[in-house]
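Trainee: What follows is start-v5.txt; its format and atoms are compact mmCIF, C-alpha atoms.
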# COMPACT_ATOMS: atom_id res chain seq x y z
CA MET A 1324 12.94 -58.37 -26.90
CA HIS A 1325 10.68 -60.81 -25.08
CA GLN A 1326 9.71 -62.51 -28.33
CA GLU A 1327 13.38 -62.90 -29.26
CA LEU A 1328 14.15 -64.44 -25.85
CA ASP A 1329 11.14 -66.77 -26.12
CA SER A 1330 12.40 -67.91 -29.50
CA ILE A 1331 15.74 -68.90 -27.98
CA ILE A 1332 14.68 -70.52 -24.72
CA GLY A 1333 11.25 -71.70 -25.84
CA THR A 1334 7.91 -71.68 -24.04
CA THR A 1335 5.16 -74.24 -23.58
CA THR A 1336 3.83 -73.24 -27.00
CA ARG A 1337 6.99 -72.13 -28.80
CA ILE A 1338 9.85 -74.47 -29.61
CA PRO A 1339 13.36 -73.37 -28.52
CA ARG A 1340 15.48 -72.58 -31.57
CA LEU A 1341 19.16 -73.10 -32.24
CA LEU A 1342 20.47 -69.76 -33.51
CA SER A 1343 24.24 -70.15 -33.13
CA ALA A 1344 26.98 -72.63 -32.32
CA ASN A 1345 27.58 -70.98 -28.94
CA GLY A 1346 23.99 -71.63 -27.94
CA PHE A 1347 24.07 -75.35 -28.70
CA PRO A 1348 24.69 -76.73 -25.16
CA GLU A 1349 21.71 -74.86 -23.70
CA TRP A 1350 19.54 -75.57 -26.77
CA LYS A 1351 20.33 -79.28 -26.56
CA PHE A 1352 19.12 -79.35 -22.97
CA ARG A 1353 15.98 -77.32 -23.69
CA ILE A 1354 14.92 -79.09 -26.89
CA GLU A 1355 14.95 -82.47 -25.13
CA LYS A 1356 12.76 -81.13 -22.33
CA TYR A 1357 10.41 -79.44 -24.78
CA ILE A 1358 9.93 -82.51 -26.98
CA LYS A 1359 9.42 -84.80 -23.99
CA MET A 1360 6.80 -82.39 -22.68
CA LYS A 1361 5.00 -82.39 -26.05
CA ASP A 1362 5.25 -86.08 -26.95
CA THR A 1363 7.64 -88.67 -25.54
CA LYS A 1364 7.09 -90.83 -28.62
CA ILE A 1365 8.75 -88.17 -30.77
CA TRP A 1366 11.79 -88.11 -28.49
CA ARG A 1367 12.03 -91.91 -28.63
CA SER A 1368 11.86 -91.71 -32.42
CA ILE A 1369 14.79 -89.28 -32.45
CA LEU A 1370 16.89 -91.64 -30.35
CA ARG A 1371 15.76 -94.86 -32.06
CA GLY A 1372 15.52 -93.76 -35.67
CA PRO A 1373 12.87 -94.63 -38.25
CA VAL A 1374 11.06 -97.95 -37.93
CA ARG A 1375 11.24 -100.36 -40.85
CA ILE A 1376 7.76 -101.61 -41.78
CA THR A 1377 8.11 -105.30 -42.58
CA THR A 1378 6.06 -108.41 -43.18
CA ALA A 1379 6.77 -112.11 -43.55
CA LEU A 1380 7.69 -113.26 -47.04
CA SER A 1381 4.89 -115.83 -46.90
CA ASP A 1382 2.94 -117.98 -44.51
CA GLU A 1383 5.53 -120.69 -44.99
CA ASP A 1384 8.64 -118.43 -45.01
CA PRO A 1385 9.00 -116.11 -41.99
CA THR A 1386 11.80 -114.09 -43.63
CA LEU A 1387 11.02 -110.38 -43.15
CA ILE A 1388 10.77 -108.12 -46.17
CA ASP A 1389 9.69 -104.49 -46.58
CA LYS A 1390 5.92 -104.24 -46.64
CA LYS A 1391 4.35 -102.59 -49.66
CA ILE A 1392 2.79 -99.26 -48.81
CA GLU A 1393 -0.59 -100.35 -50.15
CA ASN A 1394 -0.62 -103.04 -47.46
CA TYR A 1395 0.15 -100.67 -44.58
CA THR A 1396 -2.22 -100.80 -41.63
CA ASP A 1397 -3.23 -97.73 -39.63
CA GLU A 1398 -0.66 -98.77 -37.05
CA ASP A 1399 2.05 -98.90 -39.74
CA PHE A 1400 1.15 -95.43 -40.98
CA GLU A 1401 1.20 -94.15 -37.40
CA LYS A 1402 4.79 -95.35 -37.00
CA ILE A 1403 5.84 -93.62 -40.22
CA GLU A 1404 4.04 -90.42 -39.28
CA GLU A 1405 5.62 -90.49 -35.83
CA HIS A 1406 9.06 -90.41 -37.43
CA ASP A 1407 7.97 -87.64 -39.82
CA ARG A 1408 6.84 -85.57 -36.83
CA ALA A 1409 10.17 -86.17 -35.11
CA LEU A 1410 12.14 -84.98 -38.13
CA SER A 1411 9.85 -81.98 -38.64
CA THR A 1412 10.04 -80.99 -34.97
CA LEU A 1413 13.82 -81.13 -34.91
CA THR A 1414 14.13 -79.27 -38.21
CA MET A 1415 11.77 -76.50 -37.08
CA ALA A 1416 13.94 -76.03 -33.99
CA LEU A 1417 16.82 -74.87 -36.19
CA SER A 1418 17.23 -71.36 -37.54
CA PRO A 1419 16.99 -71.20 -41.35
CA GLU A 1420 20.72 -70.52 -41.60
CA ILE A 1421 21.61 -73.62 -39.57
CA ALA A 1422 18.91 -75.85 -41.09
CA GLN A 1423 20.28 -75.16 -44.55
CA GLY A 1424 23.47 -77.01 -43.68
CA PHE A 1425 21.64 -80.15 -42.51
CA ARG A 1426 19.02 -80.67 -45.22
CA GLN A 1427 20.62 -83.89 -46.44
CA TYR A 1428 19.52 -85.79 -43.34
CA GLU A 1429 16.28 -87.72 -43.83
CA SER A 1430 15.88 -89.21 -40.36
CA ALA A 1431 15.54 -87.42 -37.03
CA LYS A 1432 18.17 -89.70 -35.50
CA ASP A 1433 20.74 -88.90 -38.19
CA LEU A 1434 20.00 -85.17 -37.90
CA TRP A 1435 20.31 -85.22 -34.10
CA GLU A 1436 23.62 -87.11 -34.21
CA ALA A 1437 24.96 -84.79 -36.92
CA LEU A 1438 24.12 -81.72 -34.83
CA ILE A 1439 25.94 -83.20 -31.84
CA GLU A 1440 28.97 -84.11 -33.94
CA VAL A 1441 29.19 -80.65 -35.52
CA TYR A 1442 28.56 -78.53 -32.42
CA GLU A 1443 30.04 -80.70 -29.67
CA GLY A 1444 32.82 -82.20 -31.76
CA ASN A 1445 34.94 -85.20 -30.95
CA GLU A 1446 36.36 -86.15 -27.57
CA ASP A 1447 39.37 -83.83 -27.98
CA MET A 1448 37.11 -80.85 -28.72
CA ARG A 1449 34.86 -81.64 -25.76
CA GLN A 1450 37.91 -81.89 -23.50
CA SER A 1451 39.19 -78.54 -24.78
CA ARG A 1452 35.82 -76.93 -23.99
CA HIS A 1453 35.87 -78.59 -20.58
CA ASP A 1454 39.34 -77.18 -19.87
CA LEU A 1455 38.37 -73.71 -21.11
CA LEU A 1456 35.31 -73.57 -18.85
CA GLN A 1457 37.34 -74.68 -15.84
CA GLN A 1458 39.89 -71.99 -16.62
CA ARG A 1459 37.15 -69.36 -16.87
CA PHE A 1460 35.80 -70.51 -13.51
CA ASN A 1461 39.22 -70.38 -11.86
CA MET A 1462 39.89 -66.88 -13.22
CA PHE A 1463 36.41 -65.47 -12.59
CA ASN A 1464 36.60 -62.06 -10.96
CA HIS A 1465 34.98 -58.67 -10.83
CA VAL A 1466 35.38 -56.56 -13.96
CA LEU A 1467 36.15 -52.87 -13.42
CA GLY A 1468 33.00 -50.80 -13.77
CA GLU A 1469 30.71 -53.83 -13.72
CA SER A 1470 27.55 -53.66 -11.62
CA LEU A 1471 26.87 -56.27 -8.95
CA GLU A 1472 23.83 -57.53 -10.87
CA ALA A 1473 25.87 -57.95 -14.06
CA GLN A 1474 28.59 -59.84 -12.20
CA LEU A 1475 26.09 -62.20 -10.60
CA GLN A 1476 24.41 -62.86 -13.95
CA ARG A 1477 27.77 -63.53 -15.58
CA PHE A 1478 28.59 -66.05 -12.86
CA VAL A 1479 25.23 -67.79 -13.24
CA THR A 1480 25.74 -68.05 -16.99
CA LEU A 1481 29.17 -69.60 -16.44
CA THR A 1482 27.86 -72.17 -13.94
CA ILE A 1483 25.07 -73.13 -16.36
CA GLU A 1484 27.62 -73.64 -19.14
CA MET A 1485 29.73 -75.80 -16.83
CA SER A 1486 26.75 -77.87 -15.74
CA THR A 1487 25.71 -78.41 -19.36
CA ALA A 1488 29.28 -79.56 -20.14
CA GLY A 1489 29.18 -82.03 -17.25
CA ILE A 1490 31.44 -80.03 -14.92
CA SER A 1491 30.36 -80.03 -11.29
CA PHE A 1492 31.82 -78.53 -8.13
CA PRO A 1493 30.71 -78.81 -4.49
CA HIS A 1494 28.43 -76.04 -3.22
CA THR A 1495 31.24 -74.76 -1.00
CA GLU A 1496 33.64 -74.24 -3.89
CA ILE A 1497 31.11 -72.50 -6.11
CA ASN A 1498 29.82 -70.25 -3.32
CA LYS A 1499 33.31 -69.30 -2.14
CA LYS A 1500 34.37 -68.52 -5.70
CA LEU A 1501 31.50 -66.07 -6.10
CA LEU A 1502 32.06 -64.43 -2.71
CA ASN A 1503 35.80 -64.10 -3.25
CA SER A 1504 35.24 -62.50 -6.65
CA LEU A 1505 33.37 -59.54 -5.18
CA THR A 1506 35.11 -56.17 -4.90
CA ARG A 1507 37.23 -55.21 -1.89
CA SER A 1508 34.34 -53.13 -0.55
CA TRP A 1509 32.58 -56.43 0.15
CA ASP A 1510 35.34 -57.82 2.38
CA MET A 1511 33.45 -57.18 5.62
CA ASN A 1512 30.19 -58.66 4.33
CA VAL A 1513 32.00 -61.67 2.89
CA ALA A 1514 33.73 -62.28 6.24
CA VAL A 1515 30.36 -62.19 8.04
CA ILE A 1516 28.75 -64.54 5.52
CA ASN A 1517 31.63 -67.01 5.81
CA LYS A 1518 31.41 -66.91 9.60
CA THR A 1519 27.64 -67.16 9.98
CA ARG A 1520 26.62 -69.37 7.05
CA ASP A 1521 27.39 -72.97 6.14
CA LEU A 1522 28.35 -72.58 2.47
CA SER A 1523 28.29 -76.34 1.94
CA LYS A 1524 24.53 -76.38 2.55
CA LEU A 1525 23.57 -73.28 0.59
CA SER A 1526 22.68 -73.31 -3.10
CA LEU A 1527 24.09 -70.67 -5.41
CA ALA A 1528 20.65 -69.04 -5.58
CA GLU A 1529 20.55 -68.76 -1.78
CA VAL A 1530 24.02 -67.20 -1.65
CA MET A 1531 23.04 -64.72 -4.35
CA ALA A 1532 19.93 -63.80 -2.35
CA ILE A 1533 22.13 -63.13 0.71
CA ILE A 1534 24.47 -60.98 -1.38
CA LYS A 1535 21.57 -58.95 -2.76
CA ALA A 1536 20.12 -58.51 0.74
CA CYS A 1537 23.48 -57.21 1.98
CA ASP A 1538 23.65 -54.84 -0.98
CA MET A 1539 20.22 -53.44 -0.18
CA ASP A 1540 21.16 -52.99 3.49
CA ASP A 1541 24.34 -51.15 2.54
CA LYS A 1542 22.41 -48.81 0.30
Would you mind giving the structure from this file in structure tokens?
Mentor:
Amino acid sequence: MHQELDSIIGTTTRIPRLLSANGFPEWKFRIEKYIKMKDTKIWRSILRGPVRITTALSDEDPTLIDKKIENYTDEDFEKIEEHDRALSTLTMALSPEIAQGFRQYESAKDLWEALIEVYEGNEDMRQSRHDLLQQRFNMFNHVLGESLEAQLQRFVTLTIEMSTAGISFPHTEINKKLLNSLTRSWDMNVAVINKTRDLSKLSLAEVMAIIKACDMDDK
């Protein structure tokens, strides 16, 4: 179980892997952080694309032409190898099933842009996802039979998805939404929290800690 989770979210020694379309927003965030931690040059190569190794046509003609590989310097080879590492890193971050559909891409930049186009879609698709997440936030509520811990985790997952999609709300709105979604048995505790705490200055994590403390006291 832990190994499977590590494979998805990544660790300092294990690259996060894209296993499904639904996991793309979180993977996109994590893979950037992972690559930057390992080697910022690789991340720059993904954004910039492969470097063309050129040389002047002659001493008299400065026109640039592709340099023959037998004339490459160590610095030239380093640039080529940097791009190869970028492509390899990005490819290894894909599950075999997903990687199979992107084998035609020979540059890390093209592969990265293709992944974004496929899994984030065009502007209309991004707007549809944006609207769906806002709707899920507006309708968030307790599910019959759900434990408090499960409800809190579900809310955290939703807020992470919204943040990844570029949706942001003030602390007050997020905190009130969570408090108001609790079961009727929480009405008294919620009233006390609203009266004694400034929800605009509390993070979601702090509000969750207060909720858990109240739950322990009640038990």
Trainee: Tell me which of A:Leu1410, A:Met1448, A:Leu1342, A:Ile1403 sits closest to A:Leu1434, counting only C-alpha atoms.
Mentor: A:Leu1410
Trainee: Which distance in Å separates atom CA of A:Val1530 and atom CA of A:Asp1510, to one decimal?
Mentor: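 Interatomic distance, atom CA of A:Val1530 to atom CA of A:Asp1510: 15.2 Å.
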Trainee: How close does stretch 1445-1466 of chain A get to stretch 1486-1496 of chain A? List, as CSV, each residue of stretch 1445-1466 of chain A within 10 Å, its nearest atom pair and the distance in Å to one decimal, counting all atoms listed in the file.
Mentor:
residue,atom,partner,partner_atom,distance
A:Arg1449,CA,A:Ala1488,CA,8.2
A:Gln1450,CA,A:Ala1488,CA,9.5
A:Arg1452,CA,A:Ala1488,CA,8.0
A:His1453,CA,A:Ala1488,CA,6.7
A:Asp1454,CA,A:Ile1490,CA,9.7
A:Leu1456,CA,A:Ile1490,CA,8.5
A:Gln1457,CA,A:Ile1490,CA,8.0
Trainee: So, counting only C-alpha atoms, which residue among A:Ala1379, A:Ile1358, A:Val1374, A:Ile1421 is closest to A:Ala1409?
Mentor: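 Comparing A:Ala1379, A:Ile1358, A:Val1374, A:Ile1421 against A:Ala1409, the winner is A:Ile1358.
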Trainee: I'd like to know which of A:Glu1443, A:Glu1420, A:Asp1538, A:Asp1382 is closest to A:Ser1470, using only C-alpha atoms.
Mentor: A:Asp1538
Trainee: Would you mind completing stretch 1469-1494 of chain A to N, CA and C atoms and writing the output as a PDB file, keeping the file's coordinate frame?
Mentor:
ATOM      1  N   GLU A1469      31.855 -52.928 -13.601  1.00  0.00           N
ATOM      2  CA  GLU A1469      30.710 -53.830 -13.720  1.00  0.00           C
ATOM      3  C   GLU A1469      29.799 -53.711 -12.502  1.00  0.00           C
ATOM      4  N   SER A1470      28.490 -53.721 -12.732  1.00  0.00           N
ATOM      5  CA  SER A1470      27.550 -53.660 -11.620  1.00  0.00           C
ATOM      6  C   SER A1470      27.494 -55.018 -10.926  1.00  0.00           C
ATOM      7  N   LEU A1471      27.012 -55.012  -9.692  1.00  0.00           N
ATOM      8  CA  LEU A1471      26.870 -56.270  -8.950  1.00  0.00           C
ATOM      9  C   LEU A1471      25.929 -57.212  -9.675  1.00  0.00           C
ATOM     10  N   GLU A1472      24.816 -56.695 -10.172  1.00  0.00           N
ATOM     11  CA  GLU A1472      23.830 -57.530 -10.870  1.00  0.00           C
ATOM     12  C   GLU A1472      24.447 -58.177 -12.112  1.00  0.00           C
ATOM     13  N   ALA A1473      25.235 -57.418 -12.853  1.00  0.00           N
ATOM     14  CA  ALA A1473      25.870 -57.950 -14.060  1.00  0.00           C
ATOM     15  C   ALA A1473      26.881 -59.034 -13.711  1.00  0.00           C
ATOM     16  N   GLN A1474      27.620 -58.836 -12.620  1.00  0.00           N
ATOM     17  CA  GLN A1474      28.590 -59.840 -12.200  1.00  0.00           C
ATOM     18  C   GLN A1474      27.905 -61.132 -11.781  1.00  0.00           C
ATOM     19  N   LEU A1475      26.826 -61.008 -11.032  1.00  0.00           N
ATOM     20  CA  LEU A1475      26.090 -62.200 -10.600  1.00  0.00           C
ATOM     21  C   LEU A1475      25.525 -62.950 -11.799  1.00  0.00           C
ATOM     22  N   GLN A1476      24.966 -62.220 -12.762  1.00  0.00           N
ATOM     23  CA  GLN A1476      24.410 -62.860 -13.950  1.00  0.00           C
ATOM     24  C   GLN A1476      25.488 -63.548 -14.764  1.00  0.00           C
ATOM     25  N   ARG A1477      26.653 -62.936 -14.852  1.00  0.00           N
ATOM     26  CA  ARG A1477      27.770 -63.530 -15.580  1.00  0.00           C
ATOM     27  C   ARG A1477      28.211 -64.827 -14.917  1.00  0.00           C
ATOM     28  N   PHE A1478      28.196 -64.852 -13.597  1.00  0.00           N
ATOM     29  CA  PHE A1478      28.590 -66.050 -12.860  1.00  0.00           C
ATOM     30  C   PHE A1478      27.567 -67.162 -13.051  1.00  0.00           C
ATOM     31  N   VAL A1479      26.289 -66.799 -13.018  1.00  0.00           N
ATOM     32  CA  VAL A1479      25.230 -67.790 -13.240  1.00  0.00           C
ATOM     33  C   VAL A1479      25.355 -68.401 -14.627  1.00  0.00           C
ATOM     34  N   THR A1480      25.578 -67.562 -15.620  1.00  0.00           N
ATOM     35  CA  THR A1480      25.740 -68.050 -16.990  1.00  0.00           C
ATOM     36  C   THR A1480      26.899 -69.029 -17.085  1.00  0.00           C
ATOM     37  N   LEU A1481      28.002 -68.717 -16.423  1.00  0.00           N
ATOM     38  CA  LEU A1481      29.170 -69.600 -16.440  1.00  0.00           C
ATOM     39  C   LEU A1481      28.865 -70.934 -15.769  1.00  0.00           C
ATOM     40  N   THR A1482      28.175 -70.912 -14.637  1.00  0.00           N
ATOM     41  CA  THR A1482      27.860 -72.170 -13.940  1.00  0.00           C
ATOM     42  C   THR A1482      26.896 -73.030 -14.754  1.00  0.00           C
ATOM     43  N   ILE A1483      25.985 -72.379 -15.493  1.00  0.00           N
ATOM     44  CA  ILE A1483      25.070 -73.130 -16.360  1.00  0.00           C
ATOM     45  C   ILE A1483      25.844 -73.799 -17.480  1.00  0.00           C
ATOM     46  N   GLU A1484      26.787 -73.074 -18.079  1.00  0.00           N
ATOM     47  CA  GLU A1484      27.620 -73.640 -19.140  1.00  0.00           C
ATOM     48  C   GLU A1484      28.416 -74.828 -18.613  1.00  0.00           C
ATOM     49  N   MET A1485      28.949 -74.709 -17.405  1.00  0.00           N
ATOM     50  CA  MET A1485      29.730 -75.800 -16.830  1.00  0.00           C
ATOM     51  C   MET A1485      28.847 -77.014 -16.563  1.00  0.00           C
ATOM     52  N   SER A1486      27.668 -76.770 -16.030  1.00  0.00           N
ATOM     53  CA  SER A1486      26.750 -77.870 -15.740  1.00  0.00           C
ATOM     54  C   SER A1486      26.360 -78.595 -17.020  1.00  0.00           C
ATOM     55  N   THR A1487      26.082 -77.827 -18.078  1.00  0.00           N
ATOM     56  CA  THR A1487      25.710 -78.410 -19.360  1.00  0.00           C
ATOM     57  C   THR A1487      26.848 -79.259 -19.917  1.00  0.00           C
ATOM     58  N   ALA A1488      28.104 -78.828 -19.655  1.00  0.00           N
ATOM     59  CA  ALA A1488      29.280 -79.560 -20.140  1.00  0.00           C
ATOM     60  C   ALA A1488      29.663 -80.714 -19.226  1.00  0.00           C
ATOM     61  N   GLY A1489      28.896 -80.919 -18.153  1.00  0.00           N
ATOM     62  CA  GLY A1489      29.180 -82.030 -17.250  1.00  0.00           C
ATOM     63  C   GLY A1489      30.195 -81.725 -16.175  1.00  0.00           C
ATOM     64  N   ILE A1490      30.478 -80.432 -15.944  1.00  0.00           N
ATOM     65  CA  ILE A1490      31.440 -80.030 -14.920  1.00  0.00           C
ATOM     66  C   ILE A1490      30.675 -79.699 -13.642  1.00  0.00           C
ATOM     67  N   SER A1491      31.044 -80.300 -12.557  1.00  0.00           N
ATOM     68  CA  SER A1491      30.360 -80.030 -11.290  1.00  0.00           C
ATOM     69  C   SER A1491      31.376 -79.760 -10.186  1.00  0.00           C
ATOM     70  N   PHE A1492      31.011 -78.862  -9.293  1.00  0.00           N
ATOM     71  CA  PHE A1492      31.820 -78.530  -8.130  1.00  0.00           C
ATOM     72  C   PHE A1492      30.933 -78.598  -6.889  1.00  0.00           C
ATOM     73  N   PRO A1493      31.504 -78.842  -5.728  1.00  0.00           N
ATOM     74  CA  PRO A1493      30.710 -78.810  -4.490  1.00  0.00           C
ATOM     75  C   PRO A1493      30.145 -77.408  -4.259  1.00  0.00           C
ATOM     76  N   HIS A1494      29.037 -77.338  -3.536  1.00  0.00           N
ATOM     77  CA  HIS A1494      28.430 -76.040  -3.220  1.00  0.00           C
ATOM     78  C   HIS A1494      29.458 -75.089  -2.602  1.00  0.00           C
TER      79      HIS A1494
END
